[in-house]
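Structure, as structure tokens:
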Amino acid sequence: MPTVLIVDDDRGLRELYKSELSLEGYEVMAAATGKEAVEILKDSRPDVIVMDIRMPEMDGIEALGKVVARHKNIPVIINTAYPSYQEDFRAWAADEYVVKSSDLTELKAAIKRVLERSRPKAQPDPKAQES
Amino acid sequence: MKVLTLILAGGRGERLYPLTRDRAKPAVPFGGIYRIIDFTLTNCLHSGMKQILILTQYRSFSLEKHIQLGWNILCTKLGEFVHVVSAQQRVDELWYQGTADAVYQNLYILQQIRPDLVLILSGDHLYKMDYRPMIAFHLEHGADLTVAALPQPKELSTQLGVLEIDENCRVLSFQEKPQQPKCMPDDPDSILASMGIYVFDTRKMVRRLVEDAKSDSQHDFGRDVIPRMVASGDRVYSYVFWDPQTRTPKYWRDVGTIDSFFDAHMDLLGQNPVFDISDPSWPILTYEAPAPPARILPIGDGVRGKISDSIISNGCTVQASLLVRSVLSPNVVIEEGAEVEECILMEGVRIGKGAKLKRVIMDKRASVLANRVLRCDEVSDKGFLTLSKGGVVVVPADSVVE
């Protein structure tokens, strides 16, 4: 079961994401700041990170830089209320960019896409080729 | 069209030791009154490139001081600048891992300036180049990246990036320091070598740097980013730095070793120097502390010395000595009866009476006592001296040859 790390300073949103994504079958972890996320990543290895940008202590841009430097293979989805960050070069290190919405359809689709991309390509089954 | 220039000045310059003992390679004195980086900065100014960042991380004090003293000449009110940017561990707790990483770690500055194009230069090359025709070439070809290149002897391939291009100058392959290089189609003894000068479309560069940061690589433009761009079908072109009529490569030197540093100095000498620093159409800018004009003195009874084919800076005193094919920085003193041949004497060097030197580089404030002989075949015990493969003796700064 894939694990998603939600990083957002809004407690209500963290709860919402947790319940919605759990229903989709994901394990969900949560952090309230970039700094907390970086700490969590010292011991845990989620399959995908959903990262807010505007947060206290350490914002999502800085946390994204640290994730790229330390955990190259963990995909990051930027999830912010501000579309303008899409033009911030530093945010281009993210795998996906989703503008926050009460409807989580787009976020869920983005999670699926990055998991699909990061999953190792299935080897063709030699038996299937024979038949 | 907004162009930001990034000068990479973070290399360790180990092969230039001991000249890089206390300074980064671009800050090594060159040609009497200059530092190596002055040539690249001069190119920028003559090309109208006036938004310049110099990225440093290694022994940068001397370089920063020089830039502050000598290059505080741009008009900040018009948006012009030369800033020295030290490594700041902005992304994580690591220094620059390679040339590409140095730029990646400074994306926050690119984000603030938002240039259309980024011109990437090396701070330790000697050449005179107007970058504007290269930028025009880049735009005409709708390139993602343009790499400046010039023909070089095949034997140098293990020190250079080697390009293979088609008839439209599109790059077909890029090999970094190959043992078996792809040679030029019409000249099997030459390679088309990268000069480490890149014009990038900013957005494309950022995409590629981010990809590189997320991959296992040495995070180097020549080793990783450019070969990957060529392989993935990006529009990578080569701008050849030669006289288009005669196809003669223009002067360009990477002064990476003691021998190439020495040879580049010899290129400044002669009736028609290979590398002319006296060209009035291309004055080389630098910082020079005030010093009195040079003095050439006889000995009291009128015995004169002999000086030929040398560069003598302000503040020097040469007394009745033999001085041939040498370059003297400011405030060098050569006492009577000394013989100095093919030497590079940096600021404040002192040569004692009757001393004999041949093919010697003396770093700042070093001295040789009277009647000593210093040349490679006479140096049996190297001690604190460095002896290059090509037979050049290097005396470190502030040391005394007794």
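The way I read the labels, and the way they are meant: chains A, B, ... in the order of the structure tokens, residue 1 as the first residue of every chain, and ligand 1 as the first ligand shown, with later ones counted on from there.
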
Show me, as an NGL selection string, the residues of chain A whose atoms get within 12 Å of chain B, using only C-alpha atoms for the distance check.
:A and (38 or 61-76 or 85-95)

Those residues with C-alpha atoms, as a compact mmCIF listing (two decimals), in the first residue's frame please?
# COMPACT_ATOMS: atom_id res chain seq x y z
CA VAL A 38 12.57 16.82 6.63
CA ILE A 61 10.39 25.51 -1.70
CA GLU A 62 13.24 24.99 0.76
CA ALA A 63 11.93 21.60 1.84
CA LEU A 64 11.66 20.56 -1.83
CA GLY A 65 15.34 21.44 -2.32
CA LYS A 66 16.31 19.26 0.61
CA VAL A 67 14.15 16.35 -0.56
CA VAL A 68 15.76 16.50 -4.03
CA ALA A 69 19.25 16.61 -2.49
CA ARG A 70 18.71 13.83 0.03
CA HIS A 71 15.99 11.56 -1.37
CA LYS A 72 16.27 11.83 -5.14
CA ASN A 73 13.76 9.06 -5.80
CA ILE A 74 10.83 10.29 -3.74
CA PRO A 75 8.45 12.20 -6.02
CA VAL A 76 7.06 15.52 -4.78
CA TYR A 85 4.65 29.54 -7.88
CA GLN A 86 4.48 27.51 -11.07
CA GLU A 87 6.80 30.11 -12.56
CA ASP A 88 9.28 29.87 -9.68
CA PHE A 89 12.33 28.02 -11.05
CA ARG A 90 12.92 26.37 -7.69
CA ALA A 91 9.48 24.77 -7.81
CA TRP A 92 10.36 23.12 -11.11
CA ALA A 93 12.11 20.39 -9.17
CA ALA A 94 8.66 19.08 -8.23
CA ASP A 95 7.17 16.24 -10.24

Pick out the residues sitting within 8 Å of B:Val225, and hand them over as a PyMOL selection string; count only C-alpha atoms, and ignore anything fewer than 6 positions along from it in its own chain.
chain B and resi 100+208-209+212+219

Restricting it to C-alpha atoms, dump the selection as a CSV table (one decimal), in the first residue's frame.
chain,number,residue,atom,x,y,z
B,100,ALA,CA,26.0,22.3,-13.1
B,208,ARG,CA,17.8,20.2,-17.4
B,209,LEU,CA,19.5,21.3,-14.2
B,212,ASP,CA,20.4,16.5,-13.4
B,219,HIS,CA,26.5,17.3,-11.7

Nearest to B:Ile120 by atom-to-atom distance, counting only C-alpha atoms, from B:Gly196, B:Pro133, B:Gly70, B:Gly302:
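Closest residue, counting only C-alpha atoms: B:Gly196.
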
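Going from atom CA of B:Leu74 to atom CA of B:Tyr131 covers 18.2 Å.
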
To one decimal place in Å, what is the distance between atom CA of B:Val240 and atom CA of B:Ala148?
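Atom-to-atom, atom CA of B:Val240 and atom CA of B:Ala148 are spaced 5.8 Å apart.
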
Write out as a ChimeraX atom specification the set of residues from stretch 158-243 of chain B that DSSP, computed on the backbone, places in alpha helix (DSSP H).
/B:202-213,226-231

Just N, CA and C atoms for this one: save the residues we selected as a PDB file, in the first residue's frame.
ATOM      1  N   THR B 202      17.179  30.084 -20.832  1.00  0.00           N
ATOM      2  CA  THR B 202      17.104  29.929 -19.371  1.00  0.00           C
ATOM      3  C   THR B 202      16.149  28.806 -18.955  1.00  0.00           C
ATOM      4  N   ARG B 203      14.964  28.802 -19.543  1.00  0.00           N
ATOM      5  CA  ARG B 203      13.955  27.838 -19.092  1.00  0.00           C
ATOM      6  C   ARG B 203      14.410  26.409 -19.387  1.00  0.00           C
ATOM      7  N   LYS B 204      14.997  26.236 -20.555  1.00  0.00           N
ATOM      8  CA  LYS B 204      15.480  24.890 -20.895  1.00  0.00           C
ATOM      9  C   LYS B 204      16.596  24.474 -19.930  1.00  0.00           C
ATOM     10  N   MET B 205      17.471  25.435 -19.626  1.00  0.00           N
ATOM     11  CA  MET B 205      18.576  25.122 -18.720  1.00  0.00           C
ATOM     12  C   MET B 205      18.051  24.710 -17.344  1.00  0.00           C
ATOM     13  N   VAL B 206      17.068  25.455 -16.847  1.00  0.00           N
ATOM     14  CA  VAL B 206      16.551  25.133 -15.511  1.00  0.00           C
ATOM     15  C   VAL B 206      15.959  23.726 -15.515  1.00  0.00           C
ATOM     16  N   ARG B 207      15.185  23.406 -16.549  1.00  0.00           N
ATOM     17  CA  ARG B 207      14.610  22.050 -16.640  1.00  0.00           C
ATOM     18  C   ARG B 207      15.711  20.993 -16.580  1.00  0.00           C
ATOM     19  N   ARG B 208      16.766  21.221 -17.367  1.00  0.00           N
ATOM     20  CA  ARG B 208      17.830  20.211 -17.446  1.00  0.00           C
ATOM     21  C   ARG B 208      18.639  20.139 -16.150  1.00  0.00           C
ATOM     22  N   LEU B 209      18.801  21.285 -15.493  1.00  0.00           N
ATOM     23  CA  LEU B 209      19.546  21.273 -14.226  1.00  0.00           C
ATOM     24  C   LEU B 209      18.756  20.551 -13.142  1.00  0.00           C
ATOM     25  N   VAL B 210      17.448  20.740 -13.146  1.00  0.00           N
ATOM     26  CA  VAL B 210      16.612  20.066 -12.161  1.00  0.00           C
ATOM     27  C   VAL B 210      16.659  18.549 -12.393  1.00  0.00           C
ATOM     28  N   GLU B 211      16.578  18.157 -13.655  1.00  0.00           N
ATOM     29  CA  GLU B 211      16.686  16.718 -13.964  1.00  0.00           C
ATOM     30  C   GLU B 211      18.029  16.170 -13.501  1.00  0.00           C
ATOM     31  N   ASP B 212      19.075  16.951 -13.753  1.00  0.00           N
ATOM     32  CA  ASP B 212      20.414  16.501 -13.366  1.00  0.00           C
ATOM     33  C   ASP B 212      20.530  16.384 -11.849  1.00  0.00           C
ATOM     34  N   ALA B 213      19.954  17.357 -11.142  1.00  0.00           N
ATOM     35  CA  ALA B 213      20.026  17.336  -9.673  1.00  0.00           C
ATOM     36  C   ALA B 213      19.343  16.081  -9.124  1.00  0.00           C
ATOM     37  N   ILE B 226      25.359  18.335 -20.736  1.00  0.00           N
ATOM     38  CA  ILE B 226      25.394  18.542 -22.194  1.00  0.00           C
ATOM     39  C   ILE B 226      25.272  17.217 -22.956  1.00  0.00           C
ATOM     40  N   PRO B 227      26.032  16.170 -22.583  1.00  0.00           N
ATOM     41  CA  PRO B 227      25.829  14.901 -23.312  1.00  0.00           C
ATOM     42  C   PRO B 227      24.375  14.429 -23.242  1.00  0.00           C
ATOM     43  N   ARG B 228      23.737  14.623 -22.095  1.00  0.00           N
ATOM     44  CA  ARG B 228      22.338  14.188 -21.975  1.00  0.00           C
ATOM     45  C   ARG B 228      21.422  15.028 -22.857  1.00  0.00           C
ATOM     46  N   MET B 229      21.702  16.321 -22.935  1.00  0.00           N
ATOM     47  CA  MET B 229      20.878  17.174 -23.812  1.00  0.00           C
ATOM     48  C   MET B 229      21.018  16.757 -25.270  1.00  0.00           C
ATOM     49  N   VAL B 230      22.268  16.483 -25.680  1.00  0.00           N
ATOM     50  CA  VAL B 230      22.498  16.057 -27.073  1.00  0.00           C
ATOM     51  C   VAL B 230      21.768  14.745 -27.325  1.00  0.00           C
ATOM     52  N   ALA B 231      21.909  13.808 -26.389  1.00  0.00           N
ATOM     53  CA  ALA B 231      21.299  12.486 -26.578  1.00  0.00           C
ATOM     54  C   ALA B 231      19.779  12.563 -26.591  1.00  0.00           C
TER      55      ALA B 231
END

If we count only C-alpha atoms and set the cut-off at 8 Å, which residues sit around A:Val98, ignoring sequence neighbours fewer than 4 positions away in its own chain? Please answer as a PyMOL selection string.
chain A and resi 77-80+106-107+110

For those residues, write N, CA and C atoms to a file as a compact mmCIF listing (two decimals), in the first residue's frame.
# COMPACT_ATOMS: atom_id res chain seq x y z
N ILE A 77 4.82 16.36 -5.05
CA ILE A 77 3.76 17.12 -5.71
C ILE A 77 3.59 18.43 -4.93
N ILE A 78 3.79 19.54 -5.62
CA ILE A 78 3.53 20.84 -4.97
C ILE A 78 2.02 21.05 -4.97
N ASN A 79 1.50 21.41 -3.80
CA ASN A 79 0.06 21.58 -3.65
C ASN A 79 -0.15 22.90 -2.92
N THR A 80 -0.42 23.94 -3.71
CA THR A 80 -0.50 25.28 -3.12
C THR A 80 -1.71 26.03 -3.64
N GLU A 106 -8.10 16.35 -8.73
CA GLU A 106 -6.85 16.60 -9.45
C GLU A 106 -5.64 16.10 -8.65
N LEU A 107 -5.69 16.33 -7.35
CA LEU A 107 -4.57 15.88 -6.50
C LEU A 107 -4.46 14.35 -6.55
N ALA A 110 -2.94 13.31 -9.72
CA ALA A 110 -1.49 13.59 -9.75
C ALA A 110 -0.73 12.52 -8.96

Selected residue of minimal separation from A:Val99 among A:Glu36, A:Met51, A:Tyr17, A:Glu116, counting only C-alpha atoms:
A:Met51
